[in-house]
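To start, the structure itself, in structure tokens.
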Amino acid sequence: MAWSTRLKALALLFVFVFVFAGVFAILTTGNAVASRCECWVMYCTEEEPIFCWDECVPCPPLPPEWP
């Protein structure tokens with residue numbers, strides 16, 4: 001009977017630690033802020049092996065409007 005009580009106490013301890021860690025993780029994280037990108041440019045390597053990736057770059061200015 002002593003093993004059963006110790007096992008229950010150990011399980012309860014794990015539950016408390018899990019709940020505490022979850023609450024701590026939720027309360028200490030900040031809000032995610034995503035940057036909005038208007039212009040994506042794909043860059044690729046010229047030599048083997050060919051790798052390509054996208055990068056966010058500032059958009060070029062728009063051409064002037066015609067009268």
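In the structure tokens, chains take the letters A, B, ... in the order shown, each chain's residues start at 1, and ligands count up from 1 in the order shown.
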- Query: Skipping near chain neighbours, those fewer than 4 positions away, what residues fall within 12 Å of A:Cys37 using only C-alpha atoms, listed as a PyMOL selection string?
  - Reply: chain A and resi 41+54-59
- Message: I want to know what sits within 9 Å of stretch 51-53 of chain A, based on only C-alpha atoms, with residues of the same chain fewer than 5 positions away left out; could you give that as a VMD selection string?
- Response: chain A and resid 41 to 46
Expected file contents, prior selection, C-alpha atoms, as a compact mmCIF listing (two decimals), in the first residue's frame:
```txt
# COMPACT_ATOMS: atom_id res chain seq x y z
CA VAL A 41 12.90 38.29 -54.94
CA MET A 42 14.24 34.82 -55.72
CA TYR A 43 18.01 34.42 -55.65
CA CYS A 44 19.79 31.35 -57.04
CA THR A 45 23.41 30.28 -56.99
CA GLU A 46 25.22 30.14 -60.33
```
- Where does DSSP see strand (DSSP E) in chain A, if you list the residues as a list in words? Cys39, Trp40, Val41, Met42, Tyr43, Cys44, Cys52, Trp53, Asp54, Glu55, Cys56 and Val57 of chain A
Return as a JSON list (two decimals) with N, CA and C atoms, in the first residue's frame the full set of residues in chain A whose backbone-based DSSP assignment is alpha helix (DSSP H).
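Contents of part-v9.json, as written:
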```json
[["chain", "number", "residue", "atom", "x", "y", "z"],
["A", 2, "ALA", "N", 2.03, 1.16, 0.57],
["A", 2, "ALA", "CA", 2.92, 2.32, 0.62],
["A", 2, "ALA", "C", 3.40, 2.69, -0.78],
["A", 3, "TRP", "N", 3.62, 1.66, -1.64],
["A", 3, "TRP", "CA", 4.07, 1.94, -3.01],
["A", 3, "TRP", "C", 2.99, 2.66, -3.79],
["A", 4, "SER", "N", 1.76, 2.28, -3.56],
["A", 4, "SER", "CA", 0.64, 2.91, -4.26],
["A", 4, "SER", "C", 0.53, 4.39, -3.89],
["A", 5, "THR", "N", 0.71, 4.69, -2.63],
["A", 5, "THR", "CA", 0.63, 6.08, -2.18],
["A", 5, "THR", "C", 1.79, 6.89, -2.74],
["A", 6, "ARG", "N", 2.99, 6.31, -2.74],
["A", 6, "ARG", "CA", 4.15, 7.01, -3.29],
["A", 6, "ARG", "C", 4.01, 7.23, -4.79],
["A", 7, "LEU", "N", 3.47, 6.26, -5.47],
["A", 7, "LEU", "CA", 3.27, 6.39, -6.91],
["A", 7, "LEU", "C", 2.25, 7.48, -7.22],
["A", 8, "LYS", "N", 1.18, 7.55, -6.45],
["A", 8, "LYS", "CA", 0.19, 8.60, -6.64],
["A", 8, "LYS", "C", 0.79, 9.97, -6.35],
["A", 9, "ALA", "N", 1.61, 10.07, -5.32],
["A", 9, "ALA", "CA", 2.25, 11.35, -4.98],
["A", 9, "ALA", "C", 3.22, 11.77, -6.08],
["A", 10, "LEU", "N", 3.95, 10.82, -6.63],
["A", 10, "LEU", "CA", 4.88, 11.13, -7.72],
["A", 10, "LEU", "C", 4.13, 11.57, -8.97],
["A", 11, "ALA", "N", 3.03, 10.89, -9.29],
["A", 11, "ALA", "CA", 2.22, 11.27, -10.44],
["A", 11, "ALA", "C", 1.63, 12.66, -10.24],
["A", 12, "LEU", "N", 1.17, 12.96, -9.04],
["A", 12, "LEU", "CA", 0.62, 14.28, -8.75],
["A", 12, "LEU", "C", 1.70, 15.35, -8.85],
["A", 13, "LEU", "N", 2.91, 15.03, -8.42],
["A", 13, "LEU", "CA", 4.02, 15.97, -8.54],
["A", 13, "LEU", "C", 4.32, 16.27, -10.00],
["A", 14, "PHE", "N", 4.34, 15.25, -10.85],
["A", 14, "PHE", "CA", 4.56, 15.44, -12.28],
["A", 14, "PHE", "C", 3.46, 16.30, -12.91],
["A", 15, "VAL", "N", 2.23, 16.10, -12.51],
["A", 15, "VAL", "CA", 1.12, 16.89, -13.03],
["A", 15, "VAL", "C", 1.29, 18.35, -12.64],
["A", 16, "PHE", "N", 1.65, 18.61, -11.38],
["A", 16, "PHE", "CA", 1.85, 19.99, -10.95],
["A", 16, "PHE", "C", 3.00, 20.65, -11.71],
["A", 17, "VAL", "N", 4.09, 19.93, -11.90],
["A", 17, "VAL", "CA", 5.24, 20.47, -12.64],
["A", 17, "VAL", "C", 4.83, 20.75, -14.08],
["A", 18, "PHE", "N", 4.11, 19.85, -14.70],
["A", 18, "PHE", "CA", 3.67, 20.03, -16.08],
["A", 18, "PHE", "C", 2.75, 21.25, -16.20],
["A", 19, "VAL", "N", 1.79, 21.39, -15.31],
["A", 19, "VAL", "CA", 0.86, 22.52, -15.35],
["A", 19, "VAL", "C", 1.62, 23.83, -15.09],
["A", 20, "PHE", "N", 2.52, 23.83, -14.12],
["A", 20, "PHE", "CA", 3.30, 25.03, -13.83],
["A", 20, "PHE", "C", 4.15, 25.43, -15.03],
["A", 21, "ALA", "N", 4.81, 24.46, -15.67],
["A", 21, "ALA", "CA", 5.64, 24.77, -16.84],
["A", 21, "ALA", "C", 4.78, 25.29, -17.99],
["A", 22, "GLY", "N", 3.62, 24.74, -18.19],
["A", 22, "GLY", "CA", 2.73, 25.21, -19.26],
["A", 22, "GLY", "C", 2.24, 26.61, -19.01],
["A", 23, "VAL", "N", 1.82, 26.91, -17.81],
["A", 23, "VAL", "CA", 1.34, 28.25, -17.48],
["A", 23, "VAL", "C", 2.50, 29.25, -17.59],
["A", 24, "PHE", "N", 3.67, 28.87, -17.11],
["A", 24, "PHE", "CA", 4.83, 29.74, -17.20],
["A", 24, "PHE", "C", 5.18, 30.04, -18.65],
["A", 25, "ALA", "N", 5.14, 29.03, -19.51],
["A", 25, "ALA", "CA", 5.46, 29.22, -20.92],
["A", 25, "ALA", "C", 4.44, 30.11, -21.62],
["A", 26, "ILE", "N", 3.19, 29.95, -21.27],
["A", 26, "ILE", "CA", 2.14, 30.77, -21.90],
["A", 26, "ILE", "C", 2.23, 32.22, -21.45],
["A", 27, "LEU", "N", 2.50, 32.45, -20.18],
["A", 27, "LEU", "CA", 2.51, 33.81, -19.66],
["A", 27, "LEU", "C", 3.77, 34.59, -20.01],
["A", 28, "THR", "N", 4.88, 33.91, -20.25],
["A", 28, "THR", "CA", 6.14, 34.63, -20.48],
["A", 28, "THR", "C", 6.44, 34.85, -21.95]]
```
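Pairwise distance (atom CA of A:Glu65, atom CA of A:Trp40) equals 23.8 Å.
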- Separation of atom CA of A:Pro63 and atom CA of A:Glu38, in Å?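 Answer for the atom CA of A:Pro63 to atom CA of A:Glu38 separation: 16.4 Å.
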